[in-house]
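Take a look at the structure set out below.
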Amino acid sequence: MTVEELPVRLGRVGVWTMAFDGQPAARVREAAAEVEDLGYGALWFGEGFGRDTVSQAWLLLSATRRITVAAGIANIAHRNPIAMAAATRALGEAHPGRYLLGLGGHRVDDQPFEFDGVRIPTVGRAVPTMGAYLDAMDGAPAHSLAPEPAVPRLLAALGPKMLALAARRTAGAHPYFVPVEHTRRAREIMGPDAFLAVEQAVVLDTDVRRGRQVATAHVGMYTSVAPHQIANVRRLGFGDEDLPAGPGDAPSRRLVDAMVAYGDVDVLRDRVRQHLDAGADHVCIQALTADPAELPTSTWHELAPALLDRPVAVAR
């Protein structure tokens, strides 16, 4: 799958979720098939402390027939680049043209990253570390069959240097937890040819106050524990007055509104359109609910006709 083919293959809108980790494999298979039948162009999943990215990709690819399955992202701190290269070849060869590898990590400097008391290993400065990881993947011995077409790579790029690296060394970028303004800047930095797939968190709820509560919790979590996300929102012009000052504090409404689209179908569709107009090739929606472990299938179903501009496919 070439860079030129990515927009056609993935379409304009996909689904992004972390909710598969808390579900049994049988339910994950059912949900993946639902997303495919609804007509979304890609199914994105993150990697945290649930299934590892390779296992999750095998599960989703084996449960579907056409949809692109995209790692968004595989954390480079979790596996050796030779192992990542070998797994990528195997996934791409077994499911031609249907796997996309997003690479990233949770660090911006030499300080370790902690989440819920779990210490994640430090691998060094982000841009040179990612460049070295890509070099190691490219130089890995290859005794297995080569996938045809080759598996495209994207980087979880936020800052200017990582965005430039994404455009120079991979098919493009997969920014996560970003407002429309970041999409504009990313397109300017990467130029017109790199593929830009943007994650957008959404809450489908006509009760705006209730939707804002879910959105605020989501933004508060990332701006309390993730230094790379905090650095990025500061780079975009948000200051101390927008960030939680301590435990129990909430981010500003200005920051919440920039990061999460909440409201009815029209509000959510408009935010997707803003990203596309700002230069995104593809927008993957992360549907948020009051329970982060819940599979947001009802939101996926309700949004499909509005976001995909075509009738929903019948169930298989």
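Every chain in the structure tokens takes a letter, A first, then B, and so on in the order presented; its residues are numbered from 1, and the ligands are numbered from 1 following the presented order.
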TODO: Excluding Val15 in chain A and any residue of its chain fewer than 5 positions from it, enumerate the residues within 10 Å of it, using only C-alpha atoms, and give them as an MDAnalysis selection string.
DONE: chainID A and resid 32 35:36 40:45 69:70 199:200 283:287 300 304
Go through range 116-222 of chain A and flag each residue having an atom no more than 9 Å from range 249-264 of chain A; for those, report the closest pair of atoms plus their distance in Å to one decimal, using only C-alpha atoms, ordered by chain and rising number, as a Markdown table.
```
| residue | atom | partner | partner_atom | distance |
| --- | --- | --- | --- | --- |
| A:Phe177 | CA | A:Met259 | CA | 6.4 |
| A:Val178 | CA | A:Met259 | CA | 5.9 |
| A:Pro179 | CA | A:Met259 | CA | 5.1 |
| A:Val180 | CA | A:Ala258 | CA | 7.5 |
| A:Glu181 | CA | A:Ala258 | CA | 8.8 |
| A:Gln200 | CA | A:Val260 | CA | 6.9 |
| A:Ala201 | CA | A:Val260 | CA | 5.0 |
| A:Val202 | CA | A:Ala261 | CA | 4.7 |
| A:Val203 | CA | A:Tyr262 | CA | 4.5 |
| A:Leu204 | CA | A:Gly263 | CA | 5.4 |
| A:Asp205 | CA | A:Gly263 | CA | 5.0 |
| A:Thr206 | CA | A:Asp264 | CA | 5.1 |
| A:Asp207 | CA | A:Gly263 | CA | 7.0 |
| A:Val208 | CA | A:Gly263 | CA | 5.6 |
| A:Gly211 | CA | A:Tyr262 | CA | 5.7 |
| A:Arg212 | CA | A:Tyr262 | CA | 6.6 |
| A:Val214 | CA | A:Tyr262 | CA | 8.8 |
| A:Ala215 | CA | A:Val260 | CA | 6.0 |
| A:Thr216 | CA | A:Val256 | CA | 5.8 |
| A:Ala217 | CA | A:Ala250 | CA | 7.8 |
| A:His218 | CA | A:Val260 | CA | 8.5 |
| A:Val219 | CA | A:Val256 | CA | 6.1 |
| A:Gly220 | CA | A:Pro251 | CA | 5.7 |
```
With C-alpha atoms retained, could you export that selection as a PDB file, in the first residue's frame?
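And here is the file that came out, result03.pdb:
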```
ATOM      1  CA  PHE A 177      -5.287  14.169  21.298  1.00  0.00           C
ATOM      2  CA  VAL A 178      -4.983  17.238  19.109  1.00  0.00           C
ATOM      3  CA  PRO A 179      -7.228  20.161  18.126  1.00  0.00           C
ATOM      4  CA  VAL A 180      -7.915  21.355  14.596  1.00  0.00           C
ATOM      5  CA  GLU A 181      -5.160  23.955  14.897  1.00  0.00           C
ATOM      6  CA  GLN A 200     -10.614  12.987  17.267  1.00  0.00           C
ATOM      7  CA  ALA A 201     -12.365  12.230  20.561  1.00  0.00           C
ATOM      8  CA  VAL A 202     -16.152  12.623  20.427  1.00  0.00           C
ATOM      9  CA  VAL A 203     -19.093  12.330  22.817  1.00  0.00           C
ATOM     10  CA  LEU A 204     -22.455  11.780  21.178  1.00  0.00           C
ATOM     11  CA  ASP A 205     -24.998  13.154  23.660  1.00  0.00           C
ATOM     12  CA  THR A 206     -27.726  15.726  23.130  1.00  0.00           C
ATOM     13  CA  ASP A 207     -27.427  16.583  26.829  1.00  0.00           C
ATOM     14  CA  VAL A 208     -24.528  18.995  26.389  1.00  0.00           C
ATOM     15  CA  GLY A 211     -21.379  15.280  27.320  1.00  0.00           C
ATOM     16  CA  ARG A 212     -19.049  17.975  28.624  1.00  0.00           C
ATOM     17  CA  VAL A 214     -17.324  12.973  29.880  1.00  0.00           C
ATOM     18  CA  ALA A 215     -15.122  15.188  27.702  1.00  0.00           C
ATOM     19  CA  THR A 216     -13.643  16.971  30.721  1.00  0.00           C
ATOM     20  CA  ALA A 217     -12.700  13.682  32.388  1.00  0.00           C
ATOM     21  CA  HIS A 218     -10.931  12.553  29.212  1.00  0.00           C
ATOM     22  CA  VAL A 219      -8.959  15.772  28.799  1.00  0.00           C
ATOM     23  CA  GLY A 220      -8.209  15.943  32.516  1.00  0.00           C
TER      24      GLY A 220
END
```
Go through range 45-284 of chain A and collect every residue that DSSP, computed from the backbone, puts in strand (DSSP E or B); the answer should be as a PDB file with C-alpha atoms, in the first residue's frame.
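Okay, this is what ended up in selection-v5.pdb:
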```pdb
ATOM      1  CA  PHE A  45      -6.471   0.592  18.324  1.00  0.00           C
ATOM      2  CA  THR A  68      -7.709  -1.691   7.289  1.00  0.00           C
ATOM      3  CA  VAL A  69      -6.522  -2.498  10.820  1.00  0.00           C
ATOM      4  CA  ALA A  70      -4.166   0.174  12.124  1.00  0.00           C
ATOM      5  CA  ALA A  71      -1.923   0.119  15.184  1.00  0.00           C
ATOM      6  CA  GLY A  72      -2.344   3.538  16.674  1.00  0.00           C
ATOM      7  CA  ILE A  73       0.201   3.160  18.106  1.00  0.00           C
ATOM      8  CA  ALA A  74       2.627   0.311  18.777  1.00  0.00           C
ATOM      9  CA  ASN A  75       4.801   1.524  21.639  1.00  0.00           C
ATOM     10  CA  TYR A  99      -2.414  -3.667   8.067  1.00  0.00           C
ATOM     11  CA  LEU A 100      -0.935  -0.287   8.930  1.00  0.00           C
ATOM     12  CA  LEU A 101       1.763   0.166  11.573  1.00  0.00           C
ATOM     13  CA  GLY A 102       1.763   3.287  13.709  1.00  0.00           C
ATOM     14  CA  LEU A 103       4.849   3.723  15.896  1.00  0.00           C
ATOM     15  CA  GLY A 104       5.272   5.946  18.921  1.00  0.00           C
ATOM     16  CA  PHE A 113       6.896   8.190  32.398  1.00  0.00           C
ATOM     17  CA  GLU A 114       4.500   6.928  35.075  1.00  0.00           C
ATOM     18  CA  PHE A 115       0.873   5.954  34.692  1.00  0.00           C
ATOM     19  CA  VAL A 118       3.515   1.876  36.592  1.00  0.00           C
ATOM     20  CA  ARG A 119       6.964   3.051  35.517  1.00  0.00           C
ATOM     21  CA  ILE A 120       7.521   2.846  31.756  1.00  0.00           C
ATOM     22  CA  ARG A 153       4.264   3.081   8.679  1.00  0.00           C
ATOM     23  CA  LEU A 154       3.083   6.234  10.425  1.00  0.00           C
ATOM     24  CA  LEU A 155       4.540   8.022  13.433  1.00  0.00           C
ATOM     25  CA  GLY A 172       3.065  10.221   7.430  1.00  0.00           C
ATOM     26  CA  ALA A 173       1.725  10.936  10.903  1.00  0.00           C
ATOM     27  CA  PHE A 195      -0.483  11.090   4.884  1.00  0.00           C
ATOM     28  CA  LEU A 196      -2.121  12.694   7.922  1.00  0.00           C
ATOM     29  CA  ALA A 197      -4.480  10.534  10.008  1.00  0.00           C
ATOM     30  CA  VAL A 198      -5.851  12.445  13.002  1.00  0.00           C
ATOM     31  CA  GLU A 199      -7.581  11.010  16.065  1.00  0.00           C
ATOM     32  CA  GLN A 200     -10.614  12.987  17.267  1.00  0.00           C
ATOM     33  CA  ALA A 201     -12.365  12.230  20.561  1.00  0.00           C
ATOM     34  CA  VAL A 202     -16.152  12.623  20.427  1.00  0.00           C
ATOM     35  CA  VAL A 203     -19.093  12.330  22.817  1.00  0.00           C
ATOM     36  CA  LEU A 204     -22.455  11.780  21.178  1.00  0.00           C
ATOM     37  CA  VAL A 260     -13.224  16.887  22.283  1.00  0.00           C
ATOM     38  CA  ALA A 261     -16.320  17.353  20.128  1.00  0.00           C
ATOM     39  CA  TYR A 262     -19.457  16.742  22.197  1.00  0.00           C
ATOM     40  CA  GLY A 263     -23.116  17.178  21.331  1.00  0.00           C
ATOM     41  CA  HIS A 282      -8.294  10.715   7.436  1.00  0.00           C
ATOM     42  CA  VAL A 283     -10.001  11.286  10.798  1.00  0.00           C
ATOM     43  CA  CYS A 284     -10.473   8.390  13.218  1.00  0.00           C
TER      44      CYS A 284
END
```
Determine, for each residue of range 203-299 of chain A having at least one atom at most 10 Å from an atom of range 184-191 of chain A, the closest pair of atoms and their separation in Å to one decimal, counting only C-alpha atoms; order by chain and ascending number, as JSON lines.
```
{"residue": "A:Leu236", "atom": "CA", "partner": "A:Arg185", "partner_atom": "CA", "distance": 9.5}
{"residue": "A:Gln274", "atom": "CA", "partner": "A:Arg184", "partner_atom": "CA", "distance": 9.8}
{"residue": "A:His275", "atom": "CA", "partner": "A:Arg184", "partner_atom": "CA", "distance": 8.0}
{"residue": "A:Leu276", "atom": "CA", "partner": "A:Arg184", "partner_atom": "CA", "distance": 9.6}
{"residue": "A:Asp277", "atom": "CA", "partner": "A:Arg184", "partner_atom": "CA", "distance": 8.7}
{"residue": "A:Ala278", "atom": "CA", "partner": "A:Arg184", "partner_atom": "CA", "distance": 4.9}
{"residue": "A:Gly279", "atom": "CA", "partner": "A:Arg187", "partner_atom": "CA", "distance": 5.7}
{"residue": "A:Ala280", "atom": "CA", "partner": "A:Arg187", "partner_atom": "CA", "distance": 7.4}
{"residue": "A:Asp281", "atom": "CA", "partner": "A:Arg187", "partner_atom": "CA", "distance": 9.8}
```
Output the selection as a CSV table (one decimal), in the first residue's frame - all heavy atoms for each residue.
```csv
chain,number,residue,atom,x,y,z
A,236,LEU,N,0.6,24.7,21.6
A,236,LEU,CA,-0.5,25.2,20.8
A,236,LEU,C,-1.1,26.5,21.4
A,236,LEU,O,-2.2,26.9,21.0
A,236,LEU,CB,-1.5,24.1,20.7
A,236,LEU,CG,-1.1,22.9,19.8
A,236,LEU,CD1,-2.0,21.7,20.0
A,236,LEU,CD2,-1.1,23.3,18.3
A,274,GLN,N,-13.9,20.0,9.9
A,274,GLN,CA,-12.9,21.0,10.2
A,274,GLN,C,-11.5,20.4,10.1
A,274,GLN,O,-10.6,21.0,9.5
A,274,GLN,CB,-13.1,21.5,11.6
A,274,GLN,CG,-14.3,22.4,11.8
A,274,GLN,CD,-14.5,22.9,13.2
A,274,GLN,OE1,-13.5,23.1,13.9
A,274,GLN,NE2,-15.7,23.0,13.6
A,275,HIS,N,-11.3,19.2,10.6
A,275,HIS,CA,-10.0,18.5,10.4
A,275,HIS,C,-9.6,18.3,9.0
A,275,HIS,O,-8.5,18.5,8.5
A,275,HIS,CB,-9.9,17.2,11.2
A,275,HIS,CG,-9.6,17.3,12.7
A,275,HIS,ND1,-8.4,17.8,13.2
A,275,HIS,CD2,-10.4,17.1,13.8
A,275,HIS,CE1,-8.5,17.8,14.5
A,275,HIS,NE2,-9.7,17.4,14.9
A,276,LEU,N,-10.6,17.8,8.2
A,276,LEU,CA,-10.4,17.5,6.8
A,276,LEU,C,-10.1,18.8,6.1
A,276,LEU,O,-9.2,18.8,5.2
A,276,LEU,CB,-11.6,16.8,6.2
A,276,LEU,CG,-11.9,15.4,6.8
A,276,LEU,CD1,-13.2,14.9,6.2
A,276,LEU,CD2,-10.8,14.4,6.4
A,277,ASP,N,-10.8,19.8,6.4
A,277,ASP,CA,-10.5,21.1,5.7
A,277,ASP,C,-9.2,21.7,6.1
A,277,ASP,O,-8.5,22.4,5.3
A,277,ASP,CB,-11.6,22.1,6.1
A,277,ASP,CG,-13.0,21.8,5.5
A,277,ASP,OD1,-13.0,21.0,4.5
A,277,ASP,OD2,-14.0,22.4,5.9
A,278,ALA,N,-8.7,21.3,7.3
A,278,ALA,CA,-7.4,21.8,7.8
A,278,ALA,C,-6.2,21.0,7.2
A,278,ALA,O,-5.1,21.4,7.4
A,278,ALA,CB,-7.4,21.8,9.3
A,279,GLY,N,-6.5,19.9,6.5
A,279,GLY,CA,-5.4,19.2,5.9
A,279,GLY,C,-5.3,17.7,6.2
A,279,GLY,O,-4.4,17.0,5.7
A,280,ALA,N,-6.2,17.2,7.1
A,280,ALA,CA,-6.2,15.8,7.4
A,280,ALA,C,-6.7,15.0,6.2
A,280,ALA,O,-7.6,15.4,5.5
A,280,ALA,CB,-7.1,15.5,8.6
A,281,ASP,N,-6.0,13.9,6.0
A,281,ASP,CA,-6.5,12.9,4.9
A,281,ASP,C,-7.6,12.0,5.5
A,281,ASP,O,-8.4,11.5,4.8
A,281,ASP,CB,-5.3,12.1,4.4
A,281,ASP,CG,-4.3,12.9,3.7
A,281,ASP,OD1,-4.6,13.5,2.6
A,281,ASP,OD2,-3.2,13.0,4.2
```
TODO: From a DSSP pass on the backbone, collect the residues of range 167-254 of chain A flagged as alpha helix (DSSP H) and hand them back as an MDAnalysis selection string.
DONE: chainID A and resid 167:169 180:190 208:225 227:235 253:254
- [ ] Skip Leu59 in chain A itself and residues of its chain fewer than 4 positions away, then list as a list in words all residues within 8 Å of it, counting only C-alpha atoms.
- [x]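 My list of contacting residues is Ala25, Val28, Arg29, Ser55 and Ala63 of chain A.
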Limited to N, CA and C atoms, could you put the picked residues into a file as a PDB file, in the first residue's frame?
```
ATOM      1  N   ALA A  25     -12.215 -11.996  23.747  1.00  0.00           N
ATOM      2  CA  ALA A  25     -11.855 -12.053  22.333  1.00  0.00           C
ATOM      3  C   ALA A  25     -13.074 -12.233  21.442  1.00  0.00           C
ATOM      4  N   VAL A  28     -14.714  -8.944  20.910  1.00  0.00           N
ATOM      5  CA  VAL A  28     -13.878  -8.091  20.065  1.00  0.00           C
ATOM      6  C   VAL A  28     -14.079  -8.454  18.597  1.00  0.00           C
ATOM      7  N   ARG A  29     -14.121  -9.741  18.311  1.00  0.00           N
ATOM      8  CA  ARG A  29     -14.353 -10.162  16.927  1.00  0.00           C
ATOM      9  C   ARG A  29     -15.693  -9.636  16.413  1.00  0.00           C
ATOM     10  N   SER A  55      -0.757  -9.043  19.021  1.00  0.00           N
ATOM     11  CA  SER A  55      -1.879  -9.940  19.282  1.00  0.00           C
ATOM     12  C   SER A  55      -3.203  -9.291  18.906  1.00  0.00           C
ATOM     13  N   ALA A  63     -10.813 -11.313  12.252  1.00  0.00           N
ATOM     14  CA  ALA A  63     -12.263 -11.176  12.441  1.00  0.00           C
ATOM     15  C   ALA A  63     -12.924 -10.380  11.324  1.00  0.00           C
TER      16      ALA A  63
END
```
Task: Nearest candidate to Ala164 in chain A (options A:Val127, A:Met221, A:Ala90, A:Ala57; using only C-alpha atoms) - done: A:Val127
TODO: Check the smallest atom-to-atom distance from each of A:Pro24, A:Pro292, A:Pro192, A:Gly105 to Tyr133 in chain A using only C-alpha atoms, then report the winner.
DONE: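 Residue with the minimum atom-to-atom distance to Tyr133 in chain A: A:Gly105.
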Open item on the list: Set the distance at 10 Å and use only C-alpha atoms: which residues neighbour Arg9 in chain A once local chain neighbours fewer than 5 positions away are removed? I'd like the list as a ChimeraX atom specification.
Closed with: /A:1-2,4,41-42,66-68,97-98
Open item on the list: Here is a test: counting only C-alpha atoms, which residue of A:Val267, A:Ala245, A:Leu163, A:Val272 is nearest to Arg12 in chain A?
Closed with: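 Of the candidates, the smallest distance to Arg12 in chain A is held by A:Val272.
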- [ ] Between CA of Trp58 in chain A and CA of Ala94 in chain A, measure the distance and give it in Å to one decimal.
- [x] 9.4 Å
Task: Contacts of Leu307 in chain A at 8 Å (only C-alpha atoms; same-chain gap of 4+ positions) as a ChimeraX atom specification - done: /A:13,269,303
- [ ] With a distance cut-off of 10 Å and only C-alpha atoms, select the neighbouring residues of Pro128 in chain A, excluding the residue or stretch itself and same-chain residues fewer than 4 positions from it, and output the selection as number ranges by chain.
- [x] A: 124, 132-134, 161-162, 165
Generate a file of the selected residues that holds N, CA and C atoms, formatted as a PDB file, in the first residue's frame.
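That gives us result.pdb:
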```pdb
ATOM      1  N   GLY A 124      15.084   7.522  25.854  1.00  0.00           N
ATOM      2  CA  GLY A 124      15.864   8.654  25.400  1.00  0.00           C
ATOM      3  C   GLY A 124      15.049   9.690  24.662  1.00  0.00           C
ATOM      4  N   ALA A 132      16.459   6.042  15.219  1.00  0.00           N
ATOM      5  CA  ALA A 132      17.278   4.846  15.402  1.00  0.00           C
ATOM      6  C   ALA A 132      16.419   3.583  15.348  1.00  0.00           C
ATOM      7  N   TYR A 133      15.203   3.661  15.868  1.00  0.00           N
ATOM      8  CA  TYR A 133      14.297   2.514  15.845  1.00  0.00           C
ATOM      9  C   TYR A 133      13.928   2.165  14.400  1.00  0.00           C
ATOM     10  N   LEU A 134      13.630   3.185  13.605  1.00  0.00           N
ATOM     11  CA  LEU A 134      13.321   2.956  12.193  1.00  0.00           C
ATOM     12  C   LEU A 134      14.528   2.357  11.457  1.00  0.00           C
ATOM     13  N   LYS A 161       9.543  18.591  15.037  1.00  0.00           N
ATOM     14  CA  LYS A 161      10.638  17.721  14.617  1.00  0.00           C
ATOM     15  C   LYS A 161      10.155  16.305  14.321  1.00  0.00           C
ATOM     16  N   MET A 162       9.227  15.801  15.146  1.00  0.00           N
ATOM     17  CA  MET A 162       8.710  14.452  14.901  1.00  0.00           C
ATOM     18  C   MET A 162       7.814  14.437  13.666  1.00  0.00           C
ATOM     19  N   LEU A 165      10.129  14.286  10.790  1.00  0.00           N
ATOM     20  CA  LEU A 165      10.672  12.938  10.659  1.00  0.00           C
ATOM     21  C   LEU A 165       9.643  12.003  10.030  1.00  0.00           C
TER      22      LEU A 165
END
```
